[in-house]
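Chemist: The structure file input-v8.txt (compact mmCIF, C-alpha atoms) is provided below.
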```
# COMPACT_ATOMS: atom_id res chain seq x y z
CA GLN A 51 75.09 88.49 112.98
CA VAL A 52 78.41 90.34 112.69
CA GLN A 53 79.13 93.88 111.54
CA LEU A 54 82.40 94.65 109.75
CA VAL A 55 84.21 97.95 109.24
CA GLU A 56 87.39 98.22 107.19
CA SER A 57 90.08 100.88 107.51
CA GLY A 58 93.62 101.57 106.34
CA GLY A 59 93.24 102.04 102.61
CA GLY A 60 94.93 104.83 100.72
CA LEU A 61 97.34 105.79 97.97
CA MET A 62 100.72 104.10 97.78
CA GLN A 63 103.53 103.90 95.24
CA ALA A 64 104.40 100.59 93.67
CA GLY A 65 106.70 98.59 95.89
CA GLY A 66 105.31 100.08 99.06
CA SER A 67 103.25 98.55 101.86
CA LEU A 68 99.83 99.10 103.39
CA ARG A 69 98.01 97.43 106.26
CA LEU A 70 94.26 97.08 106.12
CA SER A 71 92.27 96.39 109.24
CA CYS A 72 88.75 95.10 109.75
CA ALA A 73 86.95 95.56 113.06
CA ALA A 74 84.10 93.18 113.85
CA SER A 75 81.22 93.55 116.27
CA GLY A 76 78.24 91.40 117.06
CA ARG A 77 78.34 87.66 117.66
CA THR A 78 81.43 85.80 118.80
CA PHE A 79 84.23 86.78 116.44
CA ASN A 80 86.13 83.52 116.70
CA ALA A 81 83.11 81.64 115.36
CA TYR A 82 83.86 83.08 111.92
CA VAL A 83 86.27 82.33 109.15
CA MET A 84 87.43 85.72 107.90
CA GLY A 85 88.31 86.68 104.37
CA TRP A 86 89.49 89.57 102.26
CA PHE A 87 88.25 90.18 98.73
CA ARG A 88 88.87 92.98 96.27
CA GLN A 89 87.16 94.50 93.26
CA ALA A 90 88.90 96.63 90.67
CA PRO A 91 86.94 98.97 88.37
CA GLY A 92 85.21 97.03 85.63
CA LYS A 93 86.27 93.68 87.05
CA GLU A 94 84.66 90.91 89.03
CA ARG A 95 85.19 90.69 92.76
CA GLU A 96 88.08 88.35 93.52
CA PHE A 97 89.31 86.46 96.53
CA VAL A 98 92.49 87.64 98.23
CA ALA A 99 93.00 85.72 101.46
CA ALA A 100 91.23 83.85 104.25
CA ILE A 101 92.12 82.88 107.79
CA SER A 102 90.74 80.15 110.00
CA ARG A 103 88.90 80.70 113.25
CA SER A 104 92.00 80.03 115.33
CA GLY A 105 94.26 82.19 113.17
CA GLY A 106 96.41 79.21 112.21
CA PRO A 107 95.60 77.95 108.71
CA ARG A 108 95.55 80.62 106.04
CA TYR A 109 94.73 80.54 102.37
CA TYR A 110 95.86 82.99 99.68
CA ALA A 111 95.13 83.75 96.07
CA ASP A 112 98.10 82.97 93.86
CA SER A 113 98.28 86.62 92.81
CA VAL A 114 99.14 87.77 96.35
CA LYS A 115 100.93 84.76 97.79
CA GLY A 116 104.29 85.78 99.25
CA ARG A 117 103.36 89.47 99.27
CA PHE A 118 100.24 89.67 101.45
CA THR A 119 99.73 88.34 104.97
CA ILE A 120 96.40 87.89 106.68
CA SER A 121 96.22 87.80 110.48
CA ARG A 122 93.62 88.06 113.19
CA ASP A 123 93.39 88.99 116.85
CA ASN A 124 90.44 87.24 118.44
CA ALA A 125 90.85 89.24 121.65
CA LYS A 126 90.44 92.50 119.74
CA ASN A 127 87.95 91.23 117.16
CA THR A 128 90.10 92.37 114.27
CA VAL A 129 91.51 90.88 111.09
CA ASP A 130 94.35 92.56 109.22
CA LEU A 131 95.78 92.33 105.75
CA LEU A 132 99.41 93.39 105.44
CA MET A 133 100.20 94.14 101.82
CA ASN A 134 103.84 94.34 100.77
CA SER A 135 105.48 94.86 97.38
CA LEU A 136 102.34 96.51 96.09
CA ARG A 137 101.71 96.62 92.36
CA PRO A 138 99.45 98.86 90.29
CA GLU A 139 97.28 95.80 89.60
CA ASP A 140 96.52 95.60 93.34
CA THR A 141 94.44 98.76 92.97
CA ALA A 142 90.89 97.94 94.06
CA VAL A 143 88.29 98.35 96.74
CA TYR A 144 89.13 95.81 99.43
CA TYR A 145 86.37 94.13 101.40
CA CYS A 146 86.44 92.21 104.64
CA ALA A 147 84.01 89.29 104.90
CA ALA A 148 82.91 86.75 107.52
CA SER A 149 81.59 83.24 107.17
CA LEU A 150 80.55 80.23 109.23
CA VAL A 151 81.68 77.74 106.57
CA ALA A 152 84.27 75.07 107.17
CA PHE A 153 87.83 76.17 106.42
CA SER A 154 88.16 74.50 103.03
CA SER A 155 89.82 75.80 99.90
CA ALA A 156 86.80 74.46 97.99
CA VAL A 157 84.63 77.27 99.37
CA LEU A 158 86.91 79.94 100.82
CA ASP A 159 87.54 81.72 97.52
CA LYS A 160 83.86 82.10 96.71
CA GLY A 161 82.12 85.30 97.67
CA SER A 162 78.86 83.42 98.03
CA SER A 163 80.38 81.60 101.03
CA TYR A 164 80.45 84.85 103.01
CA PRO A 165 77.12 86.31 104.16
CA TYR A 166 78.64 89.26 106.01
CA TRP A 167 80.57 92.08 104.36
CA GLY A 168 82.11 95.40 105.23
CA GLN A 169 81.63 98.57 103.20
CA GLY A 170 85.09 98.38 101.60
CA THR A 171 88.20 100.54 101.62
CA GLN A 172 89.97 101.90 98.55
CA VAL A 173 93.57 100.96 97.81
CA THR A 174 95.30 102.76 94.95
CA VAL A 175 98.81 101.84 93.85
CA SER A 176 100.59 104.22 91.50
CA SER A 177 103.37 103.17 89.15
```
Starting from the coordinates I provided, produce the structure as structure tokens.
Modeler:
Amino acid sequence: QVQLVESGGGLMQAGGSLRLSCAASGRTFNAYVMGWFRQAPGKEREFVAAISRSGGPRYYADSVKGRFTISRDNAKNTVDLLMNSLRPEDTAVYYCAASLVAFSSAVLDKGSSYPYWGQGTQVTVSS
């Protein structure tokens, strides 16, 4: 089992940048595909980005492609989400998640593929 703790959320003006970080503990970190999801008030949870075990292949939601970058450091057991050109519609609670699934776009964007979740960190983008 793996435990996940997010940090780095906050309030930012539109056009600004934030970096979220997720620290993992427990079983071998590089055994897991890591993902970021978000949930805005009154909306369903949605996929943001995922990164393979090696940190090579990455997969992004169309809404963040070109603006957000996911990365991981297997030596430090961390996965980051760098968010640039933030928009008010990026406002949400952001969750880090871990999975043992194969790195396939068919499953990476589904929350049900991830059995392990952090507690979430709030990101608020003002216009």
Chemist: Pick the closest to Ser155 of chain A from A:Gly85, A:Gly170, A:Pro91, A:Gly76: which is it, counting all atoms listed in the file?
Modeler: A:Gly85
Chemist: Write out as an NGL selection string which residues come within 7 Å of Thr174 of chain A when counting all atoms listed in the file, dropping same-chain ones fewer than 4 positions away.
Modeler: :A and (60-62 or 141-142)
Chemist: Give me the residues within 9 Å of Leu158 of chain A as an NGL selection string, counting only C-alpha atoms and dropping any in the same chain fewer than 3 places off.
Modeler: :A and (83 or 85 or 97 or 99-100 or 109 or 149 or 151-155 or 161 or 163-164)
Chemist: List the spatial neighbours of Ala74 of chain A as a list in words - criterion: any atom at most 9 Å away, all atoms listed in the file, same-chain residues fewer than 4 positions off excluded.
Modeler: Val52, Gln53, Leu54, Val55, Glu56, Phe79, Lys126, Asn127, Thr128 and Val129 of chain A
Chemist: Pick out the closest residue to Gly92 of chain A from this set: A:Val173, A:Val143, A:Val114, A:Val157. Count only C-alpha atoms.
Modeler: A:Val143
Chemist: Which residues come within 7 Å of Met133 of chain A, counting only C-alpha atoms, excluding same-chain residues fewer than 6 positions away, as a list in words?
Modeler: Ser67, Leu68, Arg69, Arg117, Phe118 and Thr119 of chain A
Chemist: So, with all atoms listed in the file as the atoms that count, which of A:Ala64, A:Asn124, A:Ser57, A:Tyr144 lies closest to Ser177 of chain A?
Modeler: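 Nearest candidate to Ser177 of chain A out of A:Ala64, A:Asn124, A:Ser57, A:Tyr144: A:Ala64.
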Chemist: One decimal, in Å: what's the spacing between atom CA of Arg88 of chain A and atom CA of Gln51 of chain A?
Modeler: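 We find that atom CA of Arg88 of chain A and atom CA of Gln51 of chain A lie 22.1 Å from each other.
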Chemist: At most 8 Å from (92.4, 92.3, 104.2), file frame, only C-alpha atoms: which residues, as a PyMOL selection string?
Modeler: chain A and resi 69-72+85-87+98-99+120+129-132+144-146
Chemist: Pick out the closest residue to Gly59 of chain A from this set: A:Ser104, A:Thr171, A:Ala147, A:Gln89. Count all atoms listed in the file.
Modeler: A:Thr171
Chemist: Out of A:Pro138, A:Tyr82, A:Ala73, A:Lys160, which residue has the shortest atom-to-atom distance to Gly58 of chain A when counting all atoms listed in the file?
Modeler: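 Ranking A:Pro138, A:Tyr82, A:Ala73, A:Lys160 by distance to Gly58 of chain A, first place goes to A:Ala73.
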Chemist: Which distance in Å separates atom CA of Ala81 of chain A and atom CA of Tyr110 of chain A, to one decimal?
Modeler: 20.3 Å
Chemist: For Asn80 of chain A, which of A:Ser176, A:Ser113, A:Gln169, A:Ser102 is the closest residue, counting only C-alpha atoms?
Modeler: A:Ser102
Chemist: So what do you get for atom CA of Asn134 of chain A versus atom CA of Met84 of chain A, distance-wise?
Modeler: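 Here the two named atoms are 19.9 Å from each other.
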